[in-house]
Amino acid sequence: MRLTYLHQYFATPGSATGTRSYELARRLVARGHEVTVVTSNAQLPDLADARGVVRTAVDGIRLIVIPVAYANEMGHRARIGAFVRFAVRASYEAARVPADVVLASSTPLTIALPGIVARVARRAPMVFEVRDLWPEMPIAVGALRNPALIAAARAVEWVAYHASAHVIALSPGMADGVAARGIARSRISMIPNGCDRATFDVPAETGDAIRADLGLAPGAPLIVYAGAFGAVNGVEWLADVAAELRPLRADARFLVVGRGAGRDALVQRARSRGVLDETLFVRPPVPKRDIPALLAAATVATSLFRPVPEMESNSANKFFDALAAGRPVAINYGGWHRQLLAEHGAGIALPESDPAAAAGLLAALLGDEAALARCREGARALAAEQFDRDRLAEEFAGVLERVAAGVR
């Protein structure tokens, strides 16, 4: 099978973001398929300074890399500009690549445009992957307000779904959203982000250097957040929790690793609450290959969002990485992640509206070694039983192979 894989933010283990596309693509190559990824250089640090289209390869995956800058700190207009520039240039490149199947992975929703162009130019069926429900998400967070743009985005969404032979959704809520747009359930597969269990199966001492850098005493608890500091994440909330936890567990530390538009708000809140560089430390993002060591140092890992109902269908990489590492997960939102943690005893849900209550729940967990052990066991079981990357990759490949064979 010749697959053209369109994803604007393709990343490798050397990148400081999720690597779903890389992990799936390299497994497709191992099955004997020819995979060409059309992407930008936004998440490829080695190509950050590229001025023209770069044609290269990584682990058998062919890459066509288009220079289009993007960062979480960008404003809405700059982001839209990056989406449009990439869609135009990717359309030209994708139309030239021989393909039996075209896979367009959103976000952003504009990835559907080069997907449709390649579908027509190569007379190949398209599979559309939904990583977030657009335009629902940008509307919910206020990033998309213009009625004309909203109408245009809804039209692109409808066309993307209906022009696809199959749609892959990353969560049950996303699958429901696709079905609500008139797509038959038989044409929708729910294949969430996965757990790279072998990658995260590292000795506990792998995290010792990180704990030493923070001056942690042996056995002192460390709460880690590793991910985007996006406006929708509300990471500054952790500063409030850290301040409330301090009198309850003076030895506890918070390590917040990442970058994004919310960094200044986090630093300012932490400074105003008196915890910055005392019990809460902010560090730059690290490559994905370093996340196993970071989580090995953690007592509890976190995944955070502001109280936006649409975010409850998210499929955050950090959540699945924590499961893969066998770390208790603390979240501050509802939805399917909360249900999974409750059903499998893999972590706790903290009230976003009440940092003091959240700190109390966190202190109780940190003070109960038996409960921590049960959460670690629950996380590992959940990673193995429901979210093993190899098994999910088999499902993913099966969808593409059936579409290539003309089976919907």
# chains A, B, ... in the order shown; residues from 1 in each chain; ligands from 1
call {"tool": "residues_around", "arguments": {"residues": "A:Pro172", "least_positions_apart": "2", "cutoff": "9 Å", "atoms": "only C-alpha atoms", "output": "list in words"}}
result
Ala169, Leu170, Met174, Ala175, Asp176, Gly177, Met190, Pro192, Ser313 and Trp336 of chain A
call {"tool": "write_last_selection", "arguments": {"atoms": "N, CA and C atoms", "output": "compact mmCIF listing (two decimals), in the first residue's frame"}}
result
# COMPACT_ATOMS: atom_id res chain seq x y z
N ALA A 169 -11.53 8.52 14.75
CA ALA A 169 -11.68 9.49 15.83
C ALA A 169 -10.85 9.04 17.02
N LEU A 170 -10.31 10.00 17.78
CA LEU A 170 -9.40 9.67 18.87
C LEU A 170 -10.08 9.50 20.22
N MET A 174 -15.45 12.26 20.24
CA MET A 174 -15.16 12.70 18.87
C MET A 174 -15.91 11.83 17.87
N ALA A 175 -15.97 10.53 18.14
CA ALA A 175 -16.72 9.64 17.24
C ALA A 175 -18.20 10.03 17.22
N ASP A 176 -18.74 10.39 18.38
CA ASP A 176 -20.14 10.84 18.45
C ASP A 176 -20.32 12.11 17.63
N GLY A 177 -19.35 13.02 17.71
CA GLY A 177 -19.44 14.27 16.96
C GLY A 177 -19.43 14.05 15.46
N MET A 190 -12.94 4.30 16.34
CA MET A 190 -12.37 5.03 17.46
C MET A 190 -11.03 4.40 17.81
N PRO A 192 -7.83 5.64 19.84
CA PRO A 192 -7.28 6.73 20.64
C PRO A 192 -5.77 6.78 20.60
N SER A 313 -13.75 15.58 25.61
CA SER A 313 -13.55 14.52 24.60
C SER A 313 -12.10 14.44 24.14
N TRP A 336 -14.40 11.14 29.48
CA TRP A 336 -14.03 9.73 29.44
C TRP A 336 -12.74 9.42 30.20
call {"tool": "residues_around", "arguments": {"residues": "stretch 5-22 of chain A", "least_positions_apart": "2", "cutoff": "8 Å", "atoms": "only C-alpha atoms", "output": "PyMOL selection string"}}
result
chain A and resi 3+24-26+35-45+86+94+102-108+111+114-115+193-194+227+285-289+317
call {"tool": "residues_around", "arguments": {"residues": "stretch 301-306 of chain A", "least_positions_apart": "3", "cutoff": "6 Å", "atoms": "only C-alpha atoms", "output": "ChimeraX atom specification"}}
result
/A:223-225,232-234,319,329-332
call {"tool": "write_last_selection", "arguments": {"atoms": "N, CA, C and O atoms", "output": "mmCIF file, in the first residue's frame"}}
result
data_model
loop_
_atom_site.group_PDB
_atom_site.id
_atom_site.type_symbol
_atom_site.label_atom_id
_atom_site.label_comp_id
_atom_site.auth_asym_id
_atom_site.auth_seq_id
_atom_site.Cartn_x
_atom_site.Cartn_y
_atom_site.Cartn_z
ATOM 1 N N ILE A 223 5.041 16.060 41.764
ATOM 2 C CA ILE A 223 3.895 16.105 40.863
ATOM 3 C C ILE A 223 4.369 16.760 39.569
ATOM 4 O O ILE A 223 4.931 17.866 39.588
ATOM 5 N N VAL A 224 4.151 16.089 38.453
ATOM 6 C CA VAL A 224 4.690 16.543 37.163
ATOM 7 C C VAL A 224 3.573 16.883 36.189
ATOM 8 O O VAL A 224 2.578 16.155 36.080
ATOM 9 N N TYR A 225 3.758 18.004 35.499
ATOM 10 C CA TYR A 225 2.952 18.320 34.312
ATOM 11 C C TYR A 225 3.933 18.488 33.166
ATOM 12 O O TYR A 225 4.871 19.304 33.246
ATOM 13 N N VAL A 232 -6.033 26.898 26.723
ATOM 14 C CA VAL A 232 -7.090 25.977 27.135
ATOM 15 C C VAL A 232 -6.647 25.072 28.282
ATOM 16 O O VAL A 232 -7.479 24.493 28.978
ATOM 17 N N ASN A 233 -5.327 24.972 28.525
ATOM 18 C CA ASN A 233 -4.839 24.091 29.587
ATOM 19 C C ASN A 233 -4.966 24.725 30.975
ATOM 20 O O ASN A 233 -5.148 24.017 31.959
ATOM 21 N N GLY A 234 -4.831 26.049 31.053
ATOM 22 C CA GLY A 234 -4.947 26.710 32.355
ATOM 23 C C GLY A 234 -3.939 26.187 33.361
ATOM 24 O O GLY A 234 -4.269 25.933 34.521
ATOM 25 N N PHE A 319 -1.747 12.111 29.117
ATOM 26 C CA PHE A 319 -2.547 11.160 29.880
ATOM 27 C C PHE A 319 -2.085 9.733 29.602
ATOM 28 O O PHE A 319 -1.878 8.932 30.522
ATOM 29 N N VAL A 329 -2.489 9.166 37.739
ATOM 30 C CA VAL A 329 -2.814 10.344 36.940
ATOM 31 C C VAL A 329 -3.818 11.205 37.706
ATOM 32 O O VAL A 329 -4.848 10.701 38.168
ATOM 33 N N ALA A 330 -3.524 12.485 37.827
ATOM 34 C CA ALA A 330 -4.447 13.443 38.434
ATOM 35 C C ALA A 330 -4.932 14.385 37.343
ATOM 36 O O ALA A 330 -4.124 15.010 36.648
ATOM 37 N N ILE A 331 -6.242 14.478 37.164
ATOM 38 C CA ILE A 331 -6.817 15.359 36.162
ATOM 39 C C ILE A 331 -7.803 16.315 36.841
ATOM 40 O O ILE A 331 -8.273 16.055 37.953
ATOM 41 N N ASN A 332 -8.112 17.420 36.165
ATOM 42 C CA ASN A 332 -9.060 18.393 36.733
ATOM 43 C C ASN A 332 -10.232 18.653 35.792
ATOM 44 O O ASN A 332 -10.787 19.750 35.766
#
call {"tool": "residues_around", "arguments": {"residues": "stretch 140-155 of chain A", "least_positions_apart": "5", "cutoff": "8 Å", "atoms": "only C-alpha atoms", "output": "number ranges by chain"}}
result
A: 76, 109, 134-135, 232, 308, 310
call {"tool": "residues_around", "arguments": {"residues": "A:Ser186", "least_positions_apart": "4", "cutoff": "12 Å", "atoms": "only C-alpha atoms", "output": "list in words"}}
result
Ala165, His166, Val167, Ile168, Ala175, Val178, Ala179, Gly182, Met190, Val399, Val407 and Arg408 of chain A
call {"tool": "atom_distance", "arguments": {"atom1": "atom CA of A:Gly262", "atom2": "atom CA of A:Gly81"}}
result
21.1 Å
call {"tool": "residues_around", "arguments": {"residues": "A:Cys375", "least_positions_apart": "3", "cutoff": "7 Å", "atoms": "only C-alpha atoms", "output": "PDB file with C-alpha atoms, in the first residue's frame"}}
result
ATOM      1  CA  PRO A 328      -1.045   7.715  39.044  1.00  0.00           C
ATOM      2  CA  GLY A 345      -8.332   2.985  39.949  1.00  0.00           C
ATOM      3  CA  ALA A 346      -5.528   4.577  37.932  1.00  0.00           C
ATOM      4  CA  GLY A 347      -5.678   8.049  39.474  1.00  0.00           C
ATOM      5  CA  ALA A 371      -3.383   3.898  47.392  1.00  0.00           C
ATOM      6  CA  LEU A 372      -0.432   5.083  45.283  1.00  0.00           C
ATOM      7  CA  GLY A 378      -4.293   0.401  37.684  1.00  0.00           C
ATOM      8  CA  ALA A 379      -2.387   2.664  35.294  1.00  0.00           C
TER       9      ALA A 379
END
call {"tool": "closest_residue", "arguments": {"among": "A:Ile191, A:Ile66, A:Ile139, A:Ala180", "to": "A:Ala82", "atoms": "only C-alpha atoms"}}
result
A:Ile66
call {"tool": "closest_residue", "arguments": {"among": "A:Ala71, A:Val53, A:Val120, A:Met137", "to": "A:Ala163", "atoms": "only C-alpha atoms"}}
result
A:Val120
call {"tool": "select_by_dssp", "arguments": {"residues": "stretch 28-238 of chain A", "states": "strand (DSSP E)", "output": "count of residues only"}}
result
41
call {"tool": "select_by_dssp", "arguments": {"residues": "stretch 60-219 of chain A", "states": "alpha helix (DSSP H)", "output": "PyMOL selection string"}}
result
chain A and resi 76-95+112-122+136-140+147-162+172-179+197-200+208-213
call {"tool": "closest_residue", "arguments": {"among": "A:Val300, A:Ala358, A:Val256, A:Ala69", "to": "A:Leu222", "atoms": "only C-alpha atoms"}}
result
A:Val300
call {"tool": "residues_around", "arguments": {"residues": "A:Glu312", "least_positions_apart": "6", "cutoff": "9 Å", "atoms": "only C-alpha atoms", "output": "list in words"}}
result
Gly173, Phe305, Tyr333, Gly334, Gly335, Trp336, His337 and Arg338 of chain A
call {"tool": "closest_residue", "arguments": {"among": "A:Val117, A:Phe281, A:Ala370, A:Ala231", "to": "A:Pro307", "atoms": "only C-alpha atoms"}}
result
A:Ala231
call {"tool": "closest_residue", "arguments": {"among": "A:Pro98, A:Pro309, A:Gly406, A:Pro138", "to": "A:Ala121", "atoms": "only C-alpha atoms"}}
result
A:Pro98
call {"tool": "closest_residue", "arguments": {"among": "A:Val84, A:Asp213, A:Ser315, A:Ile188", "to": "A:Arg131", "atoms": "only C-alpha atoms"}}
result
A:Ser315
call {"tool": "decode", "arguments": {"residues": "stretch 17-43 of chain A", "atoms": "N, CA, C and O atoms", "output": "PDB file, in the first residue's frame"}}
result
ATOM      1  N   THR A  17       6.895  17.126  21.579  1.00  0.00           N
ATOM      2  CA  THR A  17       5.440  17.031  21.478  1.00  0.00           C
ATOM      3  C   THR A  17       5.069  15.576  21.208  1.00  0.00           C
ATOM      4  O   THR A  17       5.945  14.703  21.155  1.00  0.00           O
ATOM      5  N   GLY A  18       3.783  15.311  21.038  1.00  0.00           N
ATOM      6  CA  GLY A  18       3.325  13.950  20.814  1.00  0.00           C
ATOM      7  C   GLY A  18       3.811  13.378  19.498  1.00  0.00           C
ATOM      8  O   GLY A  18       3.982  14.099  18.513  1.00  0.00           O
ATOM      9  N   THR A  19       3.998  12.058  19.476  1.00  0.00           N
ATOM     10  CA  THR A  19       4.578  11.394  18.299  1.00  0.00           C
ATOM     11  C   THR A  19       3.650  10.334  17.709  1.00  0.00           C
ATOM     12  O   THR A  19       4.117   9.357  17.122  1.00  0.00           O
ATOM     13  N   ARG A  20       2.346  10.510  17.856  1.00  0.00           N
ATOM     14  CA  ARG A  20       1.397   9.520  17.343  1.00  0.00           C
ATOM     15  C   ARG A  20       1.653   9.189  15.868  1.00  0.00           C
ATOM     16  O   ARG A  20       1.736   8.021  15.485  1.00  0.00           O
ATOM     17  N   SER A  21       1.759  10.205  15.018  1.00  0.00           N
ATOM     18  CA  SER A  21       1.920   9.965  13.581  1.00  0.00           C
ATOM     19  C   SER A  21       3.205   9.198  13.284  1.00  0.00           C
ATOM     20  O   SER A  21       3.228   8.290  12.446  1.00  0.00           O
ATOM     21  N   TYR A  22       4.270   9.551  13.975  1.00  0.00           N
ATOM     22  CA  TYR A  22       5.538   8.849  13.790  1.00  0.00           C
ATOM     23  C   TYR A  22       5.406   7.385  14.207  1.00  0.00           C
ATOM     24  O   TYR A  22       5.840   6.476  13.479  1.00  0.00           O
ATOM     25  N   GLU A  23       4.827   7.147  15.383  1.00  0.00           N
ATOM     26  CA  GLU A  23       4.716   5.781  15.891  1.00  0.00           C
ATOM     27  C   GLU A  23       3.860   4.916  14.970  1.00  0.00           C
ATOM     28  O   GLU A  23       4.177   3.741  14.726  1.00  0.00           O
ATOM     29  N   LEU A  24       2.772   5.470  14.461  1.00  0.00           N
ATOM     30  CA  LEU A  24       1.913   4.711  13.558  1.00  0.00           C
ATOM     31  C   LEU A  24       2.574   4.519  12.197  1.00  0.00           C
ATOM     32  O   LEU A  24       2.522   3.429  11.617  1.00  0.00           O
ATOM     33  N   ALA A  25       3.218   5.565  11.697  1.00  0.00           N
ATOM     34  CA  ALA A  25       3.848   5.484  10.381  1.00  0.00           C
ATOM     35  C   ALA A  25       4.976   4.460  10.366  1.00  0.00           C
ATOM     36  O   ALA A  25       5.115   3.673   9.417  1.00  0.00           O
ATOM     37  N   ARG A  26       5.802   4.438  11.421  1.00  0.00           N
ATOM     38  CA  ARG A  26       6.922   3.476  11.405  1.00  0.00           C
ATOM     39  C   ARG A  26       6.413   2.039  11.509  1.00  0.00           C
ATOM     40  O   ARG A  26       7.026   1.109  10.955  1.00  0.00           O
ATOM     41  N   ARG A  27       5.294   1.843  12.170  1.00  0.00           N
ATOM     42  CA  ARG A  27       4.718   0.497  12.226  1.00  0.00           C
ATOM     43  C   ARG A  27       4.110   0.106  10.880  1.00  0.00           C
ATOM     44  O   ARG A  27       4.143  -1.068  10.496  1.00  0.00           O
ATOM     45  N   LEU A  28       3.549   1.076  10.164  1.00  0.00           N
ATOM     46  CA  LEU A  28       3.047   0.792   8.823  1.00  0.00           C
ATOM     47  C   LEU A  28       4.191   0.409   7.884  1.00  0.00           C
ATOM     48  O   LEU A  28       4.061  -0.508   7.066  1.00  0.00           O
ATOM     49  N   VAL A  29       5.318   1.102   8.012  1.00  0.00           N
ATOM     50  CA  VAL A  29       6.495   0.765   7.206  1.00  0.00           C
ATOM     51  C   VAL A  29       6.956  -0.656   7.534  1.00  0.00           C
ATOM     52  O   VAL A  29       7.314  -1.433   6.645  1.00  0.00           O
ATOM     53  N   ALA A  30       6.928  -1.019   8.817  1.00  0.00           N
ATOM     54  CA  ALA A  30       7.347  -2.363   9.223  1.00  0.00           C
ATOM     55  C   ALA A  30       6.432  -3.439   8.644  1.00  0.00           C
ATOM     56  O   ALA A  30       6.853  -4.590   8.478  1.00  0.00           O
ATOM     57  N   ARG A  31       5.184  -3.079   8.309  1.00  0.00           N
ATOM     58  CA  ARG A  31       4.256  -4.024   7.690  1.00  0.00           C
ATOM     59  C   ARG A  31       4.479  -4.128   6.181  1.00  0.00           C
ATOM     60  O   ARG A  31       3.758  -4.878   5.497  1.00  0.00           O
ATOM     61  N   GLY A  32       5.408  -3.338   5.667  1.00  0.00           N
ATOM     62  CA  GLY A  32       5.718  -3.406   4.247  1.00  0.00           C
ATOM     63  C   GLY A  32       5.088  -2.316   3.402  1.00  0.00           C
ATOM     64  O   GLY A  32       5.209  -2.335   2.173  1.00  0.00           O
ATOM     65  N   HIS A  33       4.429  -1.340   4.045  1.00  0.00           N
ATOM     66  CA  HIS A  33       3.780  -0.266   3.305  1.00  0.00           C
ATOM     67  C   HIS A  33       4.762   0.879   3.019  1.00  0.00           C
ATOM     68  O   HIS A  33       5.754   1.062   3.735  1.00  0.00           O
ATOM     69  N   GLU A  34       4.462   1.633   1.986  1.00  0.00           N
ATOM     70  CA  GLU A  34       5.263   2.796   1.609  1.00  0.00           C
ATOM     71  C   GLU A  34       4.537   4.042   2.121  1.00  0.00           C
ATOM     72  O   GLU A  34       3.424   4.338   1.679  1.00  0.00           O
ATOM     73  N   VAL A  35       5.172   4.740   3.064  1.00  0.00           N
ATOM     74  CA  VAL A  35       4.517   5.871   3.729  1.00  0.00           C
ATOM     75  C   VAL A  35       5.257   7.160   3.403  1.00  0.00           C
ATOM     76  O   VAL A  35       6.465   7.278   3.644  1.00  0.00           O
ATOM     77  N   THR A  36       4.526   8.117   2.856  1.00  0.00           N
ATOM     78  CA  THR A  36       5.067   9.450   2.596  1.00  0.00           C
ATOM     79  C   THR A  36       4.290  10.450   3.436  1.00  0.00           C
ATOM     80  O   THR A  36       3.080  10.589   3.269  1.00  0.00           O
ATOM     81  N   VAL A  37       4.972  11.108   4.340  1.00  0.00           N
ATOM     82  CA  VAL A  37       4.348  12.103   5.215  1.00  0.00           C
ATOM     83  C   VAL A  37       4.600  13.496   4.645  1.00  0.00           C
ATOM     84  O   VAL A  37       5.743  13.870   4.380  1.00  0.00           O
ATOM     85  N   VAL A  38       3.525  14.247   4.466  1.00  0.00           N
ATOM     86  CA  VAL A  38       3.624  15.651   4.059  1.00  0.00           C
ATOM     87  C   VAL A  38       3.342  16.472   5.302  1.00  0.00           C
ATOM     88  O   VAL A  38       2.252  16.391   5.878  1.00  0.00           O
ATOM     89  N   THR A  39       4.328  17.250   5.730  1.00  0.00           N
ATOM     90  CA  THR A  39       4.231  17.951   7.005  1.00  0.00           C
ATOM     91  C   THR A  39       4.922  19.306   6.924  1.00  0.00           C
ATOM     92  O   THR A  39       5.424  19.704   5.866  1.00  0.00           O
ATOM     93  N   SER A  40       4.933  20.014   8.044  1.00  0.00           N
ATOM     94  CA  SER A  40       5.686  21.264   8.153  1.00  0.00           C
ATOM     95  C   SER A  40       6.907  21.019   9.039  1.00  0.00           C
ATOM     96  O   SER A  40       7.076  19.934   9.610  1.00  0.00           O
ATOM     97  N   ASN A  41       7.735  22.037   9.168  1.00  0.00           N
ATOM     98  CA  ASN A  41       8.916  21.920  10.026  1.00  0.00           C
ATOM     99  C   ASN A  41       8.646  22.414  11.442  1.00  0.00           C
ATOM    100  O   ASN A  41       9.576  22.532  12.248  1.00  0.00           O
ATOM    101  N   ALA A  42       7.385  22.690  11.769  1.00  0.00           N
ATOM    102  CA  ALA A  42       7.045  23.328  13.046  1.00  0.00           C
ATOM    103  C   ALA A  42       7.470  22.506  14.249  1.00  0.00           C
ATOM    104  O   ALA A  42       7.830  23.066  15.292  1.00  0.00           O
ATOM    105  N   GLN A  43       7.436  21.156  14.132  1.00  0.00           N
ATOM    106  CA  GLN A  43       7.795  20.297  15.262  1.00  0.00           C
ATOM    107  C   GLN A  43       9.032  19.453  14.977  1.00  0.00           C
ATOM    108  O   GLN A  43       9.257  18.447  15.655  1.00  0.00           O
TER     109      GLN A  43
END
